[in-house]
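I have placed the structure first, in the form of structure tokens, so that the comments after it can refer back to it.
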Amino acid sequence: MSVKVLFFASLREQLGVGAEECELPGGVATVAALRAHLMTRGEAWQLALGEKRALRVAVNQDMAKAETCVKAGDEVAFFPPVTGG
Amino acid sequence: MSVRVQLADFDVGAEILALRRGNPKIGAIASFIGLVRDINEGDDVAVMTLEHYPGMTEKALEAIVVRARERWDILDALVVHRIGALRPTDQIVLVVVSSAHRGEAFAACEFIMDYLKTEAPFWKKEQTDKGGRWVEARASDEDATARWKAGS
């Protein structure tokens with residue numbers, strides 16, 4: 001299945017990607033699994049998405065948790081803690 | 001009730017007038033205006049660039065206003081947040097709340113701002129004399145939001 005993955009702010013700059021369609025291998029069905037899958041892409045991805053990094057994740061524009069389900073066609077966004085206002 | 005995310009500046013007087021015009025039930029209006037400061041973490045800030053998540057940011061702001069409405073008896077609320085490149089003294093954000101009496105307007109205005117700071121997807125990048133840097137989230141902002149959750 002494929003999902004749309006978005007990155008914002010420092011994460012987008014660090015990875016050099018703002019948005020992409022991502023084809024997922026079978027078994028990748030949660031936010032945590034998607035994060036782990038993206039981290040297999042190499043060192044830059046491990047640094048950007050690693051556990052030490054405080055990250056927020058939204059699925060279809062609602063805040064999500066590690067165990068939130070990810071389905072085909074979903075929009076999954078990764079971003080740092082927000083700093084507006 | 002409305003929320004807007006925009007590049008353009010806003011006119012506080014015009015926004016308040018539009019919100020209150022012709023409504024004799026309004027007895028109080030509270031507003032908050034956030035501005036760009038010229039210094040942060042000890043460094044001069046030349047330009048601050050605000051990024052958002054189109055779609056989700058508007059949804060998040062609307063959800064915050066709905067929560068304020070559920071909690072206080074307010075008549076109307078407006079949130080305007082700017083994006084793009086801003087400079088010291090520029091206006092960043094406007095929150096306006098109307099109600100029959102001042103207590104609800106003051107409280108709801110502060111509640112909306114506190115939640116906006118911790119839940120609405122906006123990110124600030126500063127250009128200082130040391131280069132560009134993303135602003136870090138502050139624990140004190142999380143504390144401010146947590147106060148409302150304590151059920152005070």
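Numbering starts fresh at 1 for the residues of each chain in the structure tokens, the chains themselves are lettered A, B, ... in the order given, and ligands are numbered from 1 as they appear.
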Secondary structure check, alpha helix (DSSP H) residues of chain A, as a VMD selection string: chain A and resid 9 to 15 31 to 39 43 to 49
Export of prior selection with C-alpha atoms as a compact mmCIF listing (two decimals), in the first residue's frame:
```txt
# COMPACT_ATOMS: atom_id res chain seq x y z
CA ALA A 9 10.12 22.70 9.54
CA SER A 10 13.55 21.50 10.75
CA LEU A 11 12.69 17.93 9.80
CA ARG A 12 11.92 18.89 6.19
CA GLU A 13 15.20 20.80 5.95
CA GLN A 14 17.19 18.00 7.52
CA LEU A 15 15.77 15.34 5.20
CA VAL A 31 2.86 5.13 12.94
CA ALA A 32 5.67 3.40 14.85
CA ALA A 33 6.17 0.88 12.04
CA LEU A 34 6.21 3.61 9.40
CA ARG A 35 8.78 5.58 11.41
CA ALA A 36 10.95 2.46 11.75
CA HIS A 37 10.57 1.75 8.02
CA LEU A 38 11.69 5.28 7.08
CA MET A 39 14.69 4.92 9.40
CA GLU A 43 21.92 7.52 8.67
CA ALA A 44 20.26 10.86 7.90
CA TRP A 45 16.86 9.26 8.43
CA GLN A 46 17.96 7.54 11.64
CA LEU A 47 19.18 10.86 12.99
CA ALA A 48 16.06 12.75 11.96
CA LEU A 49 13.50 10.20 13.12
```
Which chain A residues have any atom within 12 Å of an atom of chain B, and for each, what is the nearest pair of atoms with distance in Å to one decimal, counting only C-alpha atoms, rows sorted by chain and number, as JSON lines?
```
{"residue": "A:Leu6", "atom": "CA", "partner": "B:Tyr53", "partner_atom": "CA", "distance": 9.4}
{"residue": "A:Phe7", "atom": "CA", "partner": "B:Tyr53", "partner_atom": "CA", "distance": 9.5}
{"residue": "A:Phe8", "atom": "CA", "partner": "B:Tyr53", "partner_atom": "CA", "distance": 7.6}
{"residue": "A:Ala9", "atom": "CA", "partner": "B:Trp123", "partner_atom": "CA", "distance": 6.3}
{"residue": "A:Ser10", "atom": "CA", "partner": "B:Trp134", "partner_atom": "CA", "distance": 6.5}
{"residue": "A:Leu11", "atom": "CA", "partner": "B:Trp134", "partner_atom": "CA", "distance": 10.1}
{"residue": "A:Arg12", "atom": "CA", "partner": "B:Glu51", "partner_atom": "CA", "distance": 11.2}
{"residue": "A:Glu13", "atom": "CA", "partner": "B:Trp134", "partner_atom": "CA", "distance": 10.3}
{"residue": "A:Gln14", "atom": "CA", "partner": "B:Trp134", "partner_atom": "CA", "distance": 11.5}
{"residue": "A:Gly18", "atom": "CA", "partner": "B:Tyr53", "partner_atom": "CA", "distance": 10.9}
{"residue": "A:Ala19", "atom": "CA", "partner": "B:Tyr53", "partner_atom": "CA", "distance": 11.6}
{"residue": "A:Ala54", "atom": "CA", "partner": "B:Ala137", "partner_atom": "CA", "distance": 10.0}
{"residue": "A:Leu55", "atom": "CA", "partner": "B:Ala137", "partner_atom": "CA", "distance": 11.3}
{"residue": "A:Arg56", "atom": "CA", "partner": "B:Pro121", "partner_atom": "CA", "distance": 9.8}
{"residue": "A:Val57", "atom": "CA", "partner": "B:Pro121", "partner_atom": "CA", "distance": 10.8}
{"residue": "A:Ala58", "atom": "CA", "partner": "B:Met56", "partner_atom": "CA", "distance": 8.8}
{"residue": "A:Val59", "atom": "CA", "partner": "B:Met56", "partner_atom": "CA", "distance": 10.0}
{"residue": "A:Asn60", "atom": "CA", "partner": "B:Met56", "partner_atom": "CA", "distance": 8.4}
{"residue": "A:Gln61", "atom": "CA", "partner": "B:Met56", "partner_atom": "CA", "distance": 4.9}
{"residue": "A:Asp62", "atom": "CA", "partner": "B:Met56", "partner_atom": "CA", "distance": 7.3}
{"residue": "A:Met63", "atom": "CA", "partner": "B:Glu119", "partner_atom": "CA", "distance": 9.0}
{"residue": "A:Glu75", "atom": "CA", "partner": "B:Met56", "partner_atom": "CA", "distance": 10.9}
{"residue": "A:Val76", "atom": "CA", "partner": "B:Met56", "partner_atom": "CA", "distance": 11.4}
{"residue": "A:Ala77", "atom": "CA", "partner": "B:Tyr53", "partner_atom": "CA", "distance": 9.0}
{"residue": "A:Phe78", "atom": "CA", "partner": "B:Tyr53", "partner_atom": "CA", "distance": 10.6}
{"residue": "A:Phe79", "atom": "CA", "partner": "B:Pro121", "partner_atom": "CA", "distance": 8.5}
{"residue": "A:Pro80", "atom": "CA", "partner": "B:Trp123", "partner_atom": "CA", "distance": 8.2}
{"residue": "A:Pro81", "atom": "CA", "partner": "B:Ala137", "partner_atom": "CA", "distance": 5.9}
{"residue": "A:Val82", "atom": "CA", "partner": "B:Pro121", "partner_atom": "CA", "distance": 5.4}
{"residue": "A:Thr83", "atom": "CA", "partner": "B:Trp123", "partner_atom": "CA", "distance": 4.8}
{"residue": "A:Gly84", "atom": "CA", "partner": "B:Phe122", "partner_atom": "CA", "distance": 4.6}
{"residue": "A:Gly85", "atom": "CA", "partner": "B:Lys117", "partner_atom": "CA", "distance": 5.5}
```
At a cut-off of 12 Å, using only C-alpha atoms, what residues contact Ser98 in chain B? Leave out same-chain residues fewer than 6 positions from it and give the result as number ranges by chain. B: 1, 16-21, 23-31, 68-69, 72-78, 104-109
Could the residues in this selection be written to a file with N, CA and C atoms, as a PDB file, in the first residue's frame?
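Now in result-v8.pdb:
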```pdb
ATOM      1  N   MET B   1     -17.721  32.817  14.442  1.00  0.00           N
ATOM      2  CA  MET B   1     -16.499  32.130  14.818  1.00  0.00           C
ATOM      3  C   MET B   1     -15.644  31.917  13.585  1.00  0.00           C
ATOM      4  N   ILE B  16     -11.887  43.822  15.206  1.00  0.00           N
ATOM      5  CA  ILE B  16     -12.761  43.883  16.385  1.00  0.00           C
ATOM      6  C   ILE B  16     -14.114  44.490  16.006  1.00  0.00           C
ATOM      7  N   LEU B  17     -14.072  45.518  15.180  1.00  0.00           N
ATOM      8  CA  LEU B  17     -15.320  46.154  14.749  1.00  0.00           C
ATOM      9  C   LEU B  17     -16.193  45.146  13.991  1.00  0.00           C
ATOM     10  N   ALA B  18     -15.579  44.368  13.115  1.00  0.00           N
ATOM     11  CA  ALA B  18     -16.339  43.380  12.333  1.00  0.00           C
ATOM     12  C   ALA B  18     -16.954  42.325  13.247  1.00  0.00           C
ATOM     13  N   LEU B  19     -16.232  41.972  14.308  1.00  0.00           N
ATOM     14  CA  LEU B  19     -16.717  40.932  15.216  1.00  0.00           C
ATOM     15  C   LEU B  19     -17.887  41.424  16.076  1.00  0.00           C
ATOM     16  N   ARG B  20     -17.854  42.711  16.451  1.00  0.00           N
ATOM     17  CA  ARG B  20     -18.856  43.201  17.403  1.00  0.00           C
ATOM     18  C   ARG B  20     -20.021  43.924  16.747  1.00  0.00           C
ATOM     19  N   ARG B  21     -19.876  44.283  15.481  1.00  0.00           N
ATOM     20  CA  ARG B  21     -20.843  45.155  14.816  1.00  0.00           C
ATOM     21  C   ARG B  21     -22.278  44.635  14.944  1.00  0.00           C
ATOM     22  N   ASN B  23     -24.124  43.708  17.384  1.00  0.00           N
ATOM     23  CA  ASN B  23     -24.526  42.668  18.333  1.00  0.00           C
ATOM     24  C   ASN B  23     -24.674  43.256  19.739  1.00  0.00           C
ATOM     25  N   PRO B  24     -25.916  43.580  20.134  1.00  0.00           N
ATOM     26  CA  PRO B  24     -26.125  44.227  21.433  1.00  0.00           C
ATOM     27  C   PRO B  24     -25.962  43.283  22.622  1.00  0.00           C
ATOM     28  N   LYS B  25     -25.741  41.992  22.373  1.00  0.00           N
ATOM     29  CA  LYS B  25     -25.523  41.050  23.484  1.00  0.00           C
ATOM     30  C   LYS B  25     -24.103  41.117  24.017  1.00  0.00           C
ATOM     31  N   ILE B  26     -23.197  41.681  23.232  1.00  0.00           N
ATOM     32  CA  ILE B  26     -21.788  41.738  23.647  1.00  0.00           C
ATOM     33  C   ILE B  26     -21.584  42.833  24.688  1.00  0.00           C
ATOM     34  N   GLY B  27     -21.050  42.418  25.843  1.00  0.00           N
ATOM     35  CA  GLY B  27     -20.735  43.392  26.881  1.00  0.00           C
ATOM     36  C   GLY B  27     -19.247  43.492  27.117  1.00  0.00           C
ATOM     37  N   ALA B  28     -18.486  42.556  26.534  1.00  0.00           N
ATOM     38  CA  ALA B  28     -17.036  42.541  26.778  1.00  0.00           C
ATOM     39  C   ALA B  28     -16.308  41.937  25.584  1.00  0.00           C
ATOM     40  N   ILE B  29     -15.161  42.515  25.279  1.00  0.00           N
ATOM     41  CA  ILE B  29     -14.288  41.949  24.251  1.00  0.00           C
ATOM     42  C   ILE B  29     -12.877  41.917  24.816  1.00  0.00           C
ATOM     43  N   ALA B  30     -12.259  40.736  24.751  1.00  0.00           N
ATOM     44  CA  ALA B  30     -10.851  40.627  25.145  1.00  0.00           C
ATOM     45  C   ALA B  30     -10.052  40.287  23.898  1.00  0.00           C
ATOM     46  N   SER B  31      -8.863  40.859  23.782  1.00  0.00           N
ATOM     47  CA  SER B  31      -8.032  40.547  22.620  1.00  0.00           C
ATOM     48  C   SER B  31      -6.588  40.344  23.045  1.00  0.00           C
ATOM     49  N   ALA B  68     -12.946  26.142  23.692  1.00  0.00           N
ATOM     50  CA  ALA B  68     -13.165  27.354  24.490  1.00  0.00           C
ATOM     51  C   ALA B  68     -14.661  27.639  24.621  1.00  0.00           C
ATOM     52  N   ARG B  69     -15.367  27.434  23.539  1.00  0.00           N
ATOM     53  CA  ARG B  69     -16.823  27.663  23.541  1.00  0.00           C
ATOM     54  C   ARG B  69     -17.544  26.696  24.464  1.00  0.00           C
ATOM     55  N   TRP B  72     -16.606  28.042  28.206  1.00  0.00           N
ATOM     56  CA  TRP B  72     -17.102  29.354  28.646  1.00  0.00           C
ATOM     57  C   TRP B  72     -18.258  29.810  27.771  1.00  0.00           C
ATOM     58  N   ASP B  73     -19.094  30.644  28.378  1.00  0.00           N
ATOM     59  CA  ASP B  73     -20.242  31.169  27.663  1.00  0.00           C
ATOM     60  C   ASP B  73     -19.808  32.401  26.865  1.00  0.00           C
ATOM     61  N   ILE B  74     -19.172  32.155  25.724  1.00  0.00           N
ATOM     62  CA  ILE B  74     -18.704  33.274  24.910  1.00  0.00           C
ATOM     63  C   ILE B  74     -19.605  33.431  23.685  1.00  0.00           C
ATOM     64  N   LEU B  75     -19.605  34.597  23.113  1.00  0.00           N
ATOM     65  CA  LEU B  75     -20.497  34.871  21.985  1.00  0.00           C
ATOM     66  C   LEU B  75     -19.814  34.637  20.647  1.00  0.00           C
ATOM     67  N   ASP B  76     -18.558  35.035  20.537  1.00  0.00           N
ATOM     68  CA  ASP B  76     -17.858  34.880  19.265  1.00  0.00           C
ATOM     69  C   ASP B  76     -16.355  34.844  19.531  1.00  0.00           C
ATOM     70  N   ALA B  77     -15.613  34.306  18.567  1.00  0.00           N
ATOM     71  CA  ALA B  77     -14.155  34.272  18.699  1.00  0.00           C
ATOM     72  C   ALA B  77     -13.518  34.342  17.322  1.00  0.00           C
ATOM     73  N   LEU B  78     -12.380  34.983  17.274  1.00  0.00           N
ATOM     74  CA  LEU B  78     -11.631  35.111  16.025  1.00  0.00           C
ATOM     75  C   LEU B  78     -10.164  34.810  16.306  1.00  0.00           C
ATOM     76  N   GLU B 104     -15.476  35.717  31.155  1.00  0.00           N
ATOM     77  CA  GLU B 104     -15.444  34.683  30.116  1.00  0.00           C
ATOM     78  C   GLU B 104     -14.526  35.080  28.968  1.00  0.00           C
ATOM     79  N   ALA B 105     -14.582  36.348  28.580  1.00  0.00           N
ATOM     80  CA  ALA B 105     -13.764  36.801  27.443  1.00  0.00           C
ATOM     81  C   ALA B 105     -12.274  36.724  27.775  1.00  0.00           C
ATOM     82  N   PHE B 106     -11.904  37.197  28.973  1.00  0.00           N
ATOM     83  CA  PHE B 106     -10.491  37.129  29.379  1.00  0.00           C
ATOM     84  C   PHE B 106     -10.004  35.673  29.416  1.00  0.00           C
ATOM     85  N   ALA B 107     -10.766  34.830  30.088  1.00  0.00           N
ATOM     86  CA  ALA B 107     -10.332  33.440  30.274  1.00  0.00           C
ATOM     87  C   ALA B 107     -10.246  32.703  28.940  1.00  0.00           C
ATOM     88  N   ALA B 108     -11.270  32.854  28.111  1.00  0.00           N
ATOM     89  CA  ALA B 108     -11.280  32.130  26.835  1.00  0.00           C
ATOM     90  C   ALA B 108     -10.158  32.609  25.920  1.00  0.00           C
ATOM     91  N   CYS B 109      -9.850  33.896  25.966  1.00  0.00           N
ATOM     92  CA  CYS B 109      -8.783  34.448  25.128  1.00  0.00           C
ATOM     93  C   CYS B 109      -7.430  33.838  25.542  1.00  0.00           C
TER      94      CYS B 109
END
```
Based on DSSP run over this structure's backbone, return all residues of chain B in strand (DSSP E or B), as a VMD selection string. chain B and resid 2 to 6 28 to 35 39 to 40 43 to 52 74 to 82 84 to 86 91 to 99 122 to 128 131 to 134
